[in-house]
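Colleague: Sharing work-v9.cif below, mmCIF, C-alpha atoms and all ligand atoms:
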```cif
data_entry
loop_
_atom_site.label_atom_id
_atom_site.label_comp_id
_atom_site.auth_asym_id
_atom_site.auth_seq_id
_atom_site.Cartn_x
_atom_site.Cartn_y
_atom_site.Cartn_z
CA MET A 1 140.38 139.73 37.73
CA ILE A 2 136.74 140.72 37.96
CA GLN A 3 134.64 138.40 40.06
CA LEU A 4 131.72 138.36 42.43
CA GLY A 5 132.37 138.32 46.17
CA ASN A 6 135.74 140.01 46.04
CA THR A 7 134.66 143.45 47.26
CA GLY A 8 136.39 143.62 50.64
CA VAL A 9 135.73 146.49 53.02
CA ALA A 10 133.80 148.48 50.40
CA GLY A 11 131.29 145.64 50.07
CA GLN A 12 130.88 145.36 53.83
CA ARG A 13 130.35 149.10 54.18
CA ILE A 14 127.60 149.34 51.57
CA LYS A 15 125.90 146.32 53.13
CA SER A 16 125.76 147.86 56.60
CA LEU A 17 124.66 151.20 55.16
CA LEU A 18 121.70 149.50 53.47
CA GLU A 19 120.88 147.58 56.65
CA GLN A 20 120.71 150.90 58.47
CA GLN A 21 118.30 152.11 55.80
CA GLY A 22 115.98 149.18 56.45
CA ILE A 23 117.00 146.58 53.86
CA SER A 24 116.79 143.23 55.65
CA THR A 25 116.57 140.34 53.12
CA PRO A 26 119.82 138.34 53.43
CA SER A 27 120.06 137.30 49.75
CA VAL A 28 119.59 140.90 48.57
CA LEU A 29 122.20 142.22 51.00
CA ALA A 30 124.61 139.45 49.96
CA ALA A 31 124.15 140.24 46.25
CA ILE A 32 124.83 143.95 46.84
CA GLN A 33 127.86 143.16 48.98
CA ASP A 34 129.30 140.74 46.42
CA THR A 35 128.79 142.83 43.26
CA PRO A 36 131.67 145.15 42.27
CA ARG A 37 129.68 148.32 41.48
CA ASP A 38 132.82 150.09 40.29
CA TYR A 39 132.82 147.69 37.32
CA PHE A 40 129.46 149.12 36.16
CA VAL A 41 130.33 152.83 35.96
CA GLU A 42 132.63 154.85 33.70
CA GLU A 43 136.23 154.65 34.87
CA ALA A 44 136.34 158.30 35.98
CA PHE A 45 133.65 157.51 38.57
CA ALA A 46 135.08 154.22 39.84
CA LEU A 47 136.17 155.75 43.15
CA GLN A 48 132.66 157.05 43.82
CA ALA A 49 131.04 153.78 42.86
CA TRP A 50 130.82 152.48 46.41
CA GLY A 51 128.85 155.42 47.74
CA ASN A 52 125.08 155.26 48.01
CA GLN A 53 124.43 157.52 45.01
CA ALA A 54 123.32 157.47 41.39
CA LEU A 55 126.17 157.98 38.85
CA PRO A 56 126.50 158.60 35.09
CA ILE A 57 126.94 155.51 32.87
CA GLY A 58 127.14 157.26 29.47
CA ALA A 59 124.47 158.17 26.89
CA GLY A 60 122.89 160.56 29.42
CA GLN A 61 121.77 157.66 31.64
CA THR A 62 122.48 156.83 35.27
CA ILE A 63 123.09 153.77 37.41
CA SER A 64 120.56 153.71 40.24
CA GLN A 65 121.46 154.24 43.88
CA PRO A 66 122.25 150.92 45.65
CA TYR A 67 119.50 151.62 48.19
CA ILE A 68 116.80 151.82 45.52
CA VAL A 69 118.16 148.77 43.67
CA ALA A 70 118.01 146.79 46.93
CA ARG A 71 114.58 148.14 47.86
CA MET A 72 112.98 147.28 44.52
CA THR A 73 114.54 143.80 44.54
CA GLU A 74 113.35 143.20 48.10
CA LEU A 75 109.79 144.26 47.23
CA LEU A 76 109.71 141.83 44.31
CA MET A 77 111.04 138.95 46.41
CA GLN A 78 107.95 138.77 48.55
CA SER A 79 106.08 136.81 45.86
CA LYS A 80 109.09 134.52 45.12
CA PRO A 81 109.11 135.04 41.33
CA GLN A 82 110.92 132.57 39.04
CA ARG A 83 110.97 134.61 35.84
CA VAL A 84 111.67 138.32 36.12
CA LEU A 85 111.63 140.95 33.36
CA GLU A 86 113.63 144.16 33.75
CA ILE A 87 112.98 147.20 31.54
CA GLY A 88 116.02 149.53 31.24
CA THR A 89 119.19 147.40 31.50
CA GLY A 90 121.44 150.49 31.60
CA SER A 91 124.77 149.54 33.15
CA GLY A 92 123.51 146.06 34.02
CA TYR A 93 124.04 146.61 37.76
CA GLN A 94 120.42 146.03 38.76
CA THR A 95 120.38 143.08 36.32
CA ALA A 96 123.39 141.56 38.10
CA ILE A 97 121.64 141.84 41.46
CA LEU A 98 118.45 140.28 40.07
CA ALA A 99 120.48 137.44 38.53
CA GLN A 100 121.86 136.49 41.94
CA VAL A 101 118.45 136.48 43.60
CA PHE A 102 116.04 135.07 40.98
CA PRO A 103 116.32 131.93 38.79
CA ARG A 104 115.75 133.60 35.38
CA VAL A 105 116.11 137.21 34.35
CA TYR A 106 115.16 138.93 31.07
CA SER A 107 116.23 142.52 30.41
CA VAL A 108 115.37 145.04 27.66
CA GLU A 109 117.38 148.19 26.79
CA ARG A 110 116.80 150.74 24.00
CA ILE A 111 120.41 152.01 23.72
CA GLN A 112 122.47 149.36 21.98
CA ALA A 113 125.89 150.49 23.24
CA LEU A 114 124.71 150.21 26.84
CA GLN A 115 123.18 146.81 26.18
CA TRP A 116 126.45 145.47 24.74
CA GLN A 117 128.47 146.72 27.68
CA ALA A 118 126.01 145.27 30.17
CA LYS A 119 126.05 141.91 28.41
CA ARG A 120 129.86 141.79 28.54
CA ARG A 121 129.89 142.67 32.24
CA LEU A 122 127.44 139.95 33.21
CA LYS A 123 129.31 137.37 31.16
CA ASN A 124 132.61 138.33 32.81
CA LEU A 125 130.98 137.99 36.23
CA ASP A 126 129.78 134.49 35.29
CA LEU A 127 126.11 135.42 35.54
CA HIS A 128 124.56 133.25 32.85
CA ASN A 129 120.87 133.14 33.79
CA VAL A 130 120.12 136.43 32.00
CA MET A 131 118.75 137.02 28.50
CA MET A 132 119.06 140.50 27.08
CA LYS A 133 117.30 142.23 24.25
CA TYR A 134 117.78 145.48 22.37
CA GLY A 135 114.29 146.93 22.02
CA ASP A 136 111.57 149.24 23.26
CA GLY A 137 110.64 148.30 26.80
CA TRP A 138 107.18 149.93 26.47
CA GLN A 139 106.33 146.78 24.53
CA GLY A 140 107.77 144.46 27.20
CA TRP A 141 109.01 141.13 25.79
CA GLN A 142 105.93 139.41 24.44
CA SER A 143 107.53 136.16 23.23
CA LYS A 144 109.00 135.42 26.68
CA SER A 145 105.88 136.32 28.66
CA PRO A 146 104.23 135.75 31.09
CA PHE A 147 106.57 137.00 33.81
CA ASP A 148 106.12 136.46 37.54
CA ALA A 149 107.56 139.91 38.15
CA ILE A 150 108.45 142.98 36.08
CA ILE A 151 110.75 145.77 37.27
CA VAL A 152 111.00 149.06 35.36
CA THR A 153 114.11 151.13 36.08
CA ALA A 154 113.14 154.28 34.16
CA ALA A 155 110.03 156.38 34.78
CA PRO A 156 107.02 156.35 32.42
CA ALA A 157 104.27 158.99 32.65
CA GLU A 158 101.70 156.20 32.68
CA VAL A 159 101.80 152.44 33.18
CA PRO A 160 102.69 150.73 29.85
CA GLN A 161 99.73 148.52 28.95
CA ALA A 162 101.89 145.72 27.49
CA LEU A 163 103.60 145.21 30.84
CA LEU A 164 100.27 144.66 32.58
CA THR A 165 99.22 142.02 30.05
CA GLN A 166 102.60 140.23 30.19
CA LEU A 167 102.32 139.77 33.95
CA ALA A 168 101.41 136.26 35.16
CA ASP A 169 98.34 135.90 37.37
CA GLY A 170 99.40 136.87 40.89
CA GLY A 171 102.50 138.57 39.45
CA GLN A 172 103.82 141.98 40.43
CA LEU A 173 105.00 144.99 38.45
CA ILE A 174 107.19 147.56 40.18
CA LEU A 175 107.86 150.92 38.56
CA PRO A 176 108.62 154.58 39.22
CA LEU A 177 105.58 156.46 37.92
CA GLY A 178 105.39 160.12 36.92
CA VAL A 179 107.24 162.93 35.19
CA GLU A 180 108.04 165.87 37.49
CA SER A 181 107.61 163.94 40.70
CA GLN A 182 107.66 160.17 40.78
CA VAL A 183 106.36 157.57 43.14
CA LEU A 184 107.49 153.95 43.33
CA GLN A 185 104.42 151.82 42.70
CA VAL A 186 103.79 148.08 43.09
CA ILE A 187 100.95 146.72 40.94
CA THR A 188 99.63 143.20 41.60
CA ARG A 189 97.66 141.21 39.05
CA ASN A 190 94.67 139.20 40.18
CA GLY A 191 93.05 137.60 37.14
CA ASP A 192 91.78 140.51 35.10
CA SER A 193 92.03 143.05 37.88
CA TYR A 194 95.03 144.97 39.13
CA SER A 195 95.62 146.62 42.49
CA SER A 196 98.32 149.18 43.17
CA GLN A 197 100.21 150.41 46.17
CA ASN A 198 102.49 153.45 46.48
CA VAL A 199 105.80 152.81 48.25
CA GLU A 200 107.92 155.95 48.35
CA ASN A 201 109.02 158.96 46.30
CA VAL A 202 111.89 158.32 43.89
CA ARG A 203 113.86 159.91 41.05
CA PHE A 204 114.61 158.09 37.78
CA VAL A 205 115.48 159.05 34.18
CA PRO A 206 112.41 158.95 31.89
CA LEU A 207 111.23 155.78 30.16
CA VAL A 208 111.42 156.88 26.53
CA GLN A 209 108.51 156.00 24.30
CA GLY A 210 108.75 155.20 20.58
CA ASP A 211 111.85 155.01 18.39
CA LEU A 212 114.95 153.13 19.44
CA ALA A 213 118.17 155.10 20.01
N1 LIG A 301 118.89 149.54 35.96
C1 LIG A 301 119.85 150.46 35.39
C2 LIG A 301 119.30 151.86 35.39
C3 LIG A 301 119.62 152.53 34.10
S1 LIG A 301 118.83 154.07 33.80
C4 LIG A 301 121.18 150.33 36.11
O1 LIG A 301 121.25 149.69 37.16
O2 LIG A 301 122.18 150.85 35.61
C5 LIG A 301 117.45 153.61 32.82
C6 LIG A 301 117.72 152.89 31.54
O3 LIG A 301 116.46 152.72 30.89
C7 LIG A 301 118.61 153.63 30.54
O4 LIG A 301 119.68 152.81 30.17
C8 LIG A 301 117.68 153.92 29.37
O5 LIG A 301 118.32 153.87 28.11
C9 LIG A 301 116.66 152.80 29.51
N2 LIG A 301 115.38 153.06 28.83
C10 LIG A 301 114.68 154.22 28.76
N3 LIG A 301 113.56 154.06 28.03
C11 LIG A 301 113.55 152.75 27.62
C12 LIG A 301 112.65 151.96 26.84
N4 LIG A 301 111.53 152.47 26.31
N5 LIG A 301 112.96 150.66 26.63
C13 LIG A 301 114.08 150.10 27.15
N6 LIG A 301 114.97 150.80 27.90
C14 LIG A 301 114.70 152.11 28.14
#
```
Kindly present the structure from the file in structure tokens form.
Modeller:
Amino acid sequence: MIQLGNTGVAGQRIKSLLEQQGISTPSVLAAIQDTPRDYFVEEAFALQAWGNQALPIGAGQTISQPYIVARMTELLMQSKPQRVLEIGTGSGYQTAILAQVFPRVYSVERIQALQWQAKRRLKNLDLHNVMMKYGDGWQGWQSKSPFDAIIVTAAPAEVPQALLTQLADGGQLILPLGVESQVLQVITRNGDSYSSQNVENVRFVPLVQGDLA
């Protein structure tokens, strides 16, 4: 049976690997340790699922590396957000981590088959504080805004304007920015002004603009 917290030695290993890489927030480490990552990849890759690497999830997309999932979650935690929006549900792995750390999670995906699979996985893991939507993440999720935090798990060439306006005052947006080379950026809203900070270089699939798949 699939359940959280049943990951044995594999879970312990990935936790200590991330600790060595500087991840230190206990709730983030616990969520990574407890989440069966092999459940989120195609079966042929299940044996590789516990390594610290990105892997294919179908439709030309990838599940992010556990390190980067943990890092982005940890960065968002600093402002203790209640309502978090994720753009790019993909496999649902990052969504599952967010759901264990934050009270309410909203997630948008533009490939319907991936969204269905992710929804089923979260339900089977008994993670019920997540709402998912099939749609274009460039537009955010207007009717559920404002969000205390927004995390984008695909890389746009420029910051989508809708995401800035759907951020609550004091809220934070974290996203990989750029095409050829990308930098992880944290943008903080202060009333009508926004300040940004570069964190580290990263590599993500592109955030697609326009038509749905
Ligand atoms: N967080 C995911 C990473 C998936 S890769 C995981 O842990 O598995 C990025 C995802 O972003 C892909 O599934 C891709 O289809 C999706 N994506 C790309 N452009 C998008 C857009 N404009 N709106 C919503 N999702 C988008």
Colleague: Return as a PyMOL selection string every polymer residue, whether protein, DNA or RNA, with at least one atom no more than 7 Å from an atom of ligand LIG 301 (chain A); count all atoms listed in the file.
Modeller: chain A and resi 61-64+87-95+108-111+114+135-138+153-154+205-210
Colleague: Can you tell me how far atom CA of Gln53 of chain A sits from atom CA of Leu29 of chain A, in Å to one decimal?
Modeller: 16.6 Å
Colleague: Which value, in Å to one decimal, gives the distance between atom CA of Glu43 of chain A and atom CA of Leu17 of chain A?
Modeller: 23.6 Å
Colleague: Between atom CA of Ala31 of chain A and atom CA of Ser195 of chain A, what is the spacing in Å?
Modeller: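 The value is 29.5 Å.
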Colleague: I'd like the neighbourhood of Leu125 of chain A as a list in words, where a residue qualifies if any of its atoms comes within 7 Å (using all atoms listed in the file), though same-chain residues fewer than 3 positions away should be ignored.
Modeller: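 The filter keeps Ile2, Gln3, Leu4, Arg121 and Leu122 of chain A.
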Colleague: Mind listing whatever residues come within 9 Å of the point (111.1, 158.3, 36.7)? Use only C-alpha atoms, file coordinates, and give them as a PyMOL selection string.
Modeller: chain A and resi 153-157+175-184+202-207
Colleague: Considering all atoms listed in the file, return as a list in words whatever protein or nucleic-acid residues lie within 8 Å of Gln33 of chain A, sequence-local ones (same chain, fewer than 2 positions apart) excluded.
Modeller: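 The contact residues come out as Gly5, Thr7, Gly11, Gln12, Ile14, Lys15, Leu29, Ala30, Ala31, Thr35 and Pro36 of chain A.
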Colleague: Just checking: using all atoms listed in the file, which residue out of A:Gly51, A:Ser143, A:Leu164, A:Ala96 ends up closest to Asn124 of chain A?
Modeller: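 So, comparing all the options, the nearest one is A:Ala96.
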Colleague: Which is closest to Met132 of chain A among A:Val199, A:Val105, A:Val84, A:Ala44, if we use only C-alpha atoms?
Modeller: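 Of A:Val199, A:Val105, A:Val84, A:Ala44, the one nearest Met132 of chain A is A:Val105, counting only C-alpha atoms.
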Colleague: Go through A:Val101, A:Ala49, A:Leu85, A:Met72 one by one, measure the shortest atom-to-atom distance of each to Ser145 of chain A using all atoms listed in the file, and give the residue with the smallest value.
Modeller: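 So, comparing all the options, the nearest one is A:Leu85.
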Colleague: So, with all atoms listed in the file as the atoms that count, which of A:Pro66, A:Ala10, A:Ser24, A:Gly191 lies closest to Leu47 of chain A?
Modeller: A:Ala10
Colleague: Taking only C-alpha atoms into account, which of A:Ala213, A:Val152, A:Val9, A:Met77 comes nearest Ser27 of chain A?
Modeller: A:Met77
Colleague: Select, from A:Val159, A:Ile150, A:Leu75, A:Ala118, the residue with the minimum atom-to-atom distance to Arg104 of chain A, counting all atoms listed in the file.
Modeller: A:Ile150
